[in-house]
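Dumped input.pdb below, it's PDB, C-alpha atoms:
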```pdb
ATOM      1  CA  MET Q   1      27.790  34.639  57.290
ATOM      2  CA  ALA Q   2      28.937  32.252  54.600
ATOM      3  CA  ASN Q   3      26.665  29.842  52.757
ATOM      4  CA  ASN Q   4      27.128  26.322  54.185
ATOM      5  CA  GLN Q   5      26.154  24.481  50.969
ATOM      6  CA  THR Q   6      28.772  23.332  48.583
ATOM      7  CA  PRO Q   7      28.542  24.323  44.934
ATOM      8  CA  GLU Q   8      27.685  20.693  44.047
ATOM      9  CA  LYS Q   9      24.647  20.689  46.378
ATOM     10  CA  GLN Q  10      23.448  24.021  44.986
ATOM     11  CA  SER Q  11      23.900  22.742  41.430
ATOM     12  CA  ALA Q  12      21.983  19.512  42.196
ATOM     13  CA  PHE Q  13      19.129  21.561  43.699
ATOM     14  CA  LYS Q  14      18.947  23.809  40.628
ATOM     15  CA  GLU Q  15      19.090  20.875  38.209
ATOM     16  CA  LEU Q  16      16.803  18.367  39.966
ATOM     17  CA  VAL Q  17      14.512  19.928  42.548
ATOM     18  CA  LEU Q  18      13.823  23.395  41.152
ATOM     19  CA  PRO Q  19      12.395  22.131  37.806
ATOM     20  CA  VAL Q  20      10.068  19.766  39.699
ATOM     21  CA  ILE Q  21       8.809  22.607  41.881
ATOM     22  CA  VAL Q  22       8.249  24.822  38.828
ATOM     23  CA  LEU Q  23       6.338  22.058  37.009
ATOM     24  CA  VAL Q  24       4.148  21.379  40.057
ATOM     25  CA  VAL Q  25       3.279  25.078  40.315
ATOM     26  CA  ILE Q  26       2.485  25.236  36.576
ATOM     27  CA  CYS Q  27       0.243  22.142  36.884
ATOM     28  CA  LEU Q  28      -1.610  23.609  39.859
ATOM     29  CA  VAL Q  29      -2.205  26.915  38.057
ATOM     30  CA  CYS Q  30      -3.405  25.124  34.885
ATOM     31  CA  SER Q  31      -5.712  22.862  36.906
ATOM     32  CA  ALA Q  32      -7.226  25.840  38.680
ATOM     33  CA  LEU Q  33      -7.763  27.655  35.370
ATOM     34  CA  LEU Q  34      -9.415  24.580  33.838
ATOM     35  CA  ALA Q  35     -11.726  24.233  36.840
ATOM     36  CA  VAL Q  36     -12.787  27.873  36.526
ATOM     37  CA  LEU Q  37     -13.276  27.499  32.766
ATOM     38  CA  ASN Q  38     -15.404  24.380  33.319
ATOM     39  CA  ASP Q  39     -17.584  26.227  35.846
ATOM     40  CA  VAL Q  40     -18.085  29.083  33.386
ATOM     41  CA  THR Q  41     -18.849  26.945  30.310
ATOM     42  CA  ALA Q  42     -20.911  24.104  31.849
ATOM     43  CA  PRO Q  43     -24.207  26.051  31.919
ATOM     44  CA  ILE Q  44     -23.628  27.307  28.363
ATOM     45  CA  ILE Q  45     -22.967  23.779  27.103
ATOM     46  CA  GLU Q  46     -26.076  22.474  28.889
ATOM     47  CA  GLU Q  47     -28.203  25.260  27.381
ATOM     48  CA  ASN Q  48     -26.866  24.544  23.873
ATOM     49  CA  THR Q  49     -27.520  20.811  24.273
ATOM     50  CA  LYS Q  50     -31.125  21.503  25.321
ATOM     51  CA  ALA Q  51     -31.602  23.826  22.345
ATOM     52  CA  GLU Q  52     -30.239  21.194  19.931
ATOM     53  CA  THR Q  53     -32.504  18.528  21.427
ATOM     54  CA  LEU Q  54     -35.523  20.835  21.194
ATOM     55  CA  ALA Q  55     -34.733  21.605  17.548
ATOM     56  CA  SER Q  56     -34.421  17.876  16.824
ATOM     57  CA  TYR Q  57     -37.803  17.151  18.451
ATOM     58  CA  LEU Q  58     -39.383  19.932  16.400
ATOM     59  CA  SER Q  59     -37.778  18.583  13.201
ATOM     60  CA  VAL Q  60     -39.578  15.236  13.523
ATOM     61  CA  LEU Q  61     -42.902  16.402  14.971
ATOM     62  CA  PRO Q  62     -45.698  17.527  12.633
ATOM     63  CA  GLU Q  63     -45.224  20.852  10.881
ATOM     64  CA  GLY Q  64     -46.590  23.726  12.902
ATOM     65  CA  THR Q  65     -45.663  22.200  16.249
ATOM     66  CA  SER Q  66     -44.075  24.787  18.518
ATOM     67  CA  GLU Q  67     -42.143  24.633  21.745
ATOM     68  CA  ALA Q  68     -45.275  25.757  23.585
ATOM     69  CA  ASP Q  69     -47.145  22.686  22.255
ATOM     70  CA  MET Q  70     -44.629  20.251  23.760
ATOM     71  CA  THR Q  71     -44.540  18.734  27.213
ATOM     72  CA  GLU Q  72     -41.253  17.144  28.267
ATOM     73  CA  LEU Q  73     -41.637  13.815  30.037
ATOM     74  CA  ALA Q  74     -39.584  13.090  33.138
ATOM     75  CA  ASN Q  75     -38.545   9.902  34.900
ATOM     76  CA  LEU Q  76     -38.465   7.693  31.805
ATOM     77  CA  THR Q  77     -37.173   4.218  32.601
ATOM     78  CA  THR Q  78     -36.871   2.569  29.177
ATOM     79  CA  PRO Q  79     -33.225   1.619  28.582
ATOM     80  CA  ASP Q  80     -31.434   3.653  25.882
ATOM     81  CA  VAL Q  81     -34.133   6.370  25.910
ATOM     82  CA  GLN Q  82     -32.666   9.797  26.636
ATOM     83  CA  GLY Q  83     -35.845  11.871  26.574
ATOM     84  CA  ALA Q  84     -39.333  12.297  25.172
ATOM     85  CA  VAL Q  85     -41.987  14.928  24.572
ATOM     86  CA  THR Q  86     -45.696  14.832  23.878
ATOM     87  CA  THR Q  87     -47.848  17.399  22.116
ATOM     88  CA  SER Q  88     -51.352  18.651  22.721
ATOM     89  CA  SER Q  89     -52.433  16.949  19.470
ATOM     90  CA  GLY Q  90     -51.446  13.504  20.795
ATOM     91  CA  ALA Q  91     -48.185  13.185  18.888
ATOM     92  CA  ALA Q  92     -44.981  12.241  20.672
ATOM     93  CA  ALA Q  93     -41.251  12.230  19.965
ATOM     94  CA  VAL Q  94     -38.668  10.035  21.646
ATOM     95  CA  LYS Q  95     -34.885  10.431  21.689
ATOM     96  CA  ALA Q  96     -32.983   7.158  21.965
ATOM     97  CA  ALA Q  97     -29.427   6.018  21.308
ATOM     98  CA  ALA Q  98     -27.692   2.704  20.815
ATOM     99  CA  SER Q  99     -24.104   1.636  20.340
ATOM    100  CA  GLY Q 100     -22.973   1.402  16.724
ATOM    101  CA  TYR Q 101     -19.599   0.828  15.105
ATOM    102  CA  SER Q 102     -16.634   1.095  17.513
ATOM    103  CA  GLY Q 103     -19.099   1.455  20.400
ATOM    104  CA  LYS Q 104     -20.043   4.990  19.387
ATOM    105  CA  ASP Q 105     -23.698   5.956  19.806
ATOM    106  CA  VAL Q 106     -26.171   6.427  16.989
ATOM    107  CA  THR Q 107     -28.937   8.772  18.160
ATOM    108  CA  VAL Q 108     -32.451   8.668  16.743
ATOM    109  CA  TYR Q 109     -35.452  10.945  17.176
ATOM    110  CA  VAL Q 110     -38.660   9.044  16.465
ATOM    111  CA  ALA Q 111     -42.030  10.802  16.168
ATOM    112  CA  PHE Q 112     -45.290   8.940  16.678
ATOM    113  CA  ASP Q 113     -48.716  10.088  15.555
ATOM    114  CA  ALA Q 114     -51.771   9.887  17.833
ATOM    115  CA  ASN Q 115     -52.385   6.288  16.663
ATOM    116  CA  GLY Q 116     -48.868   5.130  17.542
ATOM    117  CA  ALA Q 117     -47.481   4.875  14.007
ATOM    118  CA  ILE Q 118     -44.024   6.275  13.292
ATOM    119  CA  SER Q 119     -44.666   9.561  11.517
ATOM    120  CA  ASN Q 120     -41.080  10.748  11.153
ATOM    121  CA  ILE Q 121     -37.546   9.791  12.118
ATOM    122  CA  SER Q 122     -34.201  11.539  12.260
ATOM    123  CA  VAL Q 123     -30.918   9.660  12.669
ATOM    124  CA  ASP Q 124     -27.652  11.214  13.839
ATOM    125  CA  ALA Q 125     -24.959   8.880  12.530
ATOM    126  CA  SER Q 126     -22.151  11.445  12.647
ATOM    127  CA  THR Q 127     -20.159   9.114  14.912
ATOM    128  CA  GLN Q 128     -20.182   6.324  12.330
ATOM    129  CA  THR Q 129     -17.756   5.709   9.462
ATOM    130  CA  THR Q 130     -18.293   8.350   6.781
ATOM    131  CA  GLY Q 131     -19.739   6.908   3.592
ATOM    132  CA  ILE Q 132     -20.489   3.519   5.145
ATOM    133  CA  GLY Q 133     -22.158   3.614   8.563
ATOM    134  CA  SER Q 134     -23.251   7.197   8.058
ATOM    135  CA  LYS Q 135     -25.638   5.935   5.348
ATOM    136  CA  VAL Q 136     -28.104   4.941   8.072
ATOM    137  CA  ALA Q 137     -29.000   8.638   8.288
ATOM    138  CA  ASP Q 138     -29.946   8.783   4.594
ATOM    139  CA  GLU Q 139     -33.611   9.206   3.703
ATOM    140  CA  SER Q 140     -33.427   6.071   1.552
ATOM    141  CA  PHE Q 141     -32.988   4.096   4.797
ATOM    142  CA  THR Q 142     -35.001   6.124   7.308
ATOM    143  CA  SER Q 143     -38.080   6.565   5.097
ATOM    144  CA  GLY Q 144     -38.748   2.832   5.425
ATOM    145  CA  PHE Q 145     -39.734   3.339   9.056
ATOM    146  CA  ILE Q 146     -42.452   5.911   8.292
ATOM    147  CA  GLY Q 147     -45.905   4.495   8.910
ATOM    148  CA  TRP Q 148     -44.618   1.497  10.902
ATOM    149  CA  ASN Q 149     -47.003   0.436  13.643
ATOM    150  CA  GLY Q 150     -46.193  -3.250  13.820
ATOM    151  CA  GLY Q 151     -44.158  -3.603  16.996
ATOM    152  CA  ALA Q 152     -40.420  -4.177  17.112
ATOM    153  CA  VAL Q 153     -38.275  -3.459  14.060
ATOM    154  CA  SER Q 154     -35.426  -5.564  12.710
ATOM    155  CA  SER Q 155     -33.484  -5.980   9.508
ATOM    156  CA  GLY Q 156     -36.085  -6.716   6.835
ATOM    157  CA  SER Q 157     -39.005  -5.574   8.956
ATOM    158  CA  PRO Q 158     -39.879  -2.831   7.908
ATOM    159  CA  VAL Q 159     -36.588  -1.994   6.180
ATOM    160  CA  ASP Q 160     -33.392  -3.859   5.267
ATOM    161  CA  GLY Q 161     -30.151  -2.889   6.973
ATOM    162  CA  VAL Q 162     -27.591  -0.861   5.050
ATOM    163  CA  ALA Q 163     -25.109  -3.086   3.222
ATOM    164  CA  SER Q 164     -21.623  -3.024   4.804
ATOM    165  CA  ALA Q 165     -22.975  -1.123   7.807
ATOM    166  CA  THR Q 166     -24.297  -3.909  10.003
ATOM    167  CA  TYR Q 167     -23.275  -2.350  13.332
ATOM    168  CA  SER Q 168     -24.727   1.036  12.421
ATOM    169  CA  SER Q 169     -27.940  -0.493  11.054
ATOM    170  CA  ASN Q 170     -28.363  -2.628  14.164
ATOM    171  CA  ALA Q 171     -27.824   0.459  16.319
ATOM    172  CA  VAL Q 172     -30.680   2.228  14.525
ATOM    173  CA  PHE Q 173     -32.944  -0.830  14.897
ATOM    174  CA  SER Q 174     -32.080  -1.037  18.606
ATOM    175  CA  ALA Q 175     -32.658   2.678  19.215
ATOM    176  CA  VAL Q 176     -35.956   2.653  17.285
ATOM    177  CA  ASN Q 177     -37.071  -0.368  19.320
ATOM    178  CA  ALA Q 178     -36.227   1.506  22.523
ATOM    179  CA  ALA Q 179     -38.309   4.443  21.271
ATOM    180  CA  ILE Q 180     -41.208   2.108  20.403
ATOM    181  CA  ASP Q 181     -40.994   0.477  23.858
ATOM    182  CA  CYS Q 182     -40.982   3.887  25.522
ATOM    183  CA  TYR Q 183     -43.955   5.073  23.495
ATOM    184  CA  THR Q 184     -45.942   1.878  24.049
ATOM    185  CA  ASN Q 185     -45.205   1.365  27.745
ATOM    186  CA  GLU Q 186     -44.574   4.823  29.166
ATOM    187  CA  ILE Q 187     -46.243   7.376  26.897
ATOM    188  CA  LYS Q 188     -49.295   5.622  25.472
ATOM    189  CA  GLY Q 189     -49.545   3.322  28.494
ATOM    190  CA  GLY Q 190     -49.240   6.330  30.817
ATOM    191  CA  MET Q 191     -52.020   8.332  29.138
TER
END
```
Taking this structure as input, can you express it in the form of structure tokens?
Amino acid sequence: MANNQTPEKQSAFKELVLPVIVLVVICLVCSALLAVLNDVTAPIIEENTKAETLASYLSVLPEGTSEADMTELANLTTPDVQGAVTTSSGAAAVKAAASGYSGKDVTVYVAFDANGAISNISVDASTQTTGIGSKVADESFTSGFIGWNGGAVSSGSPVDGVASATYSSNAVFSAVNAAIDCYTNEIKGGM
């Protein structure tokens, strides 16, 4: 039995339809592989994120604090607060973030002593402009917050913003204020 299609129809199929079918199959296979890869890596990524957060809490809490000393707080409602822990000694640490330059978050870990004063602070400004906005993570800036127990912070109270890094400085002030609000209203107020 002879093939009913003309050579032009067969050529059009090979040139137009066959490549589309091949590309659709390739896309489906790649999508399936990505879905499987996501399912495999999601728990690993979550575990690594928790470990990094734990290490950051420990870095700001008093020396000698261990994971066993910390209690993670759930159901926090303060805007911009991403988590908090308390210790058996009455200290607390709060993780908060606020939008800095180009809308990218600046994350801070603020530790409070049993009296509510800021005892330590760590700023992750890796998303900010290197050499300008990233200066908000320098000790020369963050050390000004240590000992603060006077309510909300702002530029000049207790520390001046970093010159040429207004967005990044304001992000730190906003995140620290969120941490202070969380400590005052949910941690200390909840004790």
Chain and number of each residue from the PyMOL selection byres ((chain Q and resi 144) around 12), as a list in words: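 Here the PyMOL selection byres ((chain Q and resi 144) around 12) matches Ile118, Ser119, Asn120, Ile121, Ser122, Val136, Ala137, Asp138, Glu139, Ser140, Phe141, Thr142, Ser143, Phe145, Ile146, Gly147, Trp148, Asn149, Val153, Ser154, Ser155, Gly156, Ser157, Pro158, Val159, Asp160, Gly161, Val162 and Phe173 of chain Q.
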Using all atoms listed in the file: which of Q:Leu54, Q:Thr78, Q:Ser102, Q:Ala96 has the shortest distance to Q:Ala165: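 For Q:Ala165, the nearest of the candidates is Q:Ser102.
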Pairwise distance for atom CA of Q:Tyr57 and atom CA of Q:Ala93, rounded to one decimal in Å: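 If I compute the distance from atom CA of Q:Tyr57 to atom CA of Q:Ala93, I get 6.2 Å.
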Selection under test: the PyMOL selection byres ((chain Q and resi 97-99) around 9); residues as a count of residues only: 25
Nearest to Q:Asp113, chosen from Q:Leu61, Q:Ala84, Q:Val22, Q:Ala68, with all atoms listed in the file counted in the distances: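 Of the candidates, the smallest distance to Q:Asp113 is held by Q:Leu61.
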10 Å contact set for Q:Ser89, all atoms listed in the file, chain neighbours under 6 positions out, as a PyMOL selection string: chain Q and resi 62+65+69-70+113-114
Length of the atom CA of Q:Val94 to atom CA of Q:Glu63 vector [Å]: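 Computing it gives 16.6 Å between the two atoms.
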Between atom CA of Q:Lys135 and atom CA of Q:Ser169, distance in Å (one decimal): 8.9 Å
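Each of Q:Ala91, Q:Gly83, Q:Ile180, Q:Ala74 was checked against Q:Thr53 using only C-alpha atoms; the smallest atom-to-atom distance is that of Q:Gly83.
Proximity to Q:Cys182 was assessed for Q:Gly116, Q:Pro43, Q:Pro7, Q:Pro19 counting all atoms listed in the file; the smallest distance is recorded for Q:Gly116.
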Please enclose the listed atoms of stretch 118-131 of chain Q in an axis-aligned box, pad each side by 4 Å, and write out the centre and the three edge lengths in Å, rounded to one decimal, as AutoDock Vina command-line options.
```
--center_x -31.2 --center_y 8.6 --center_z 9.3 --size_x 34.9 --size_y 13.8 --size_z 19.3
```
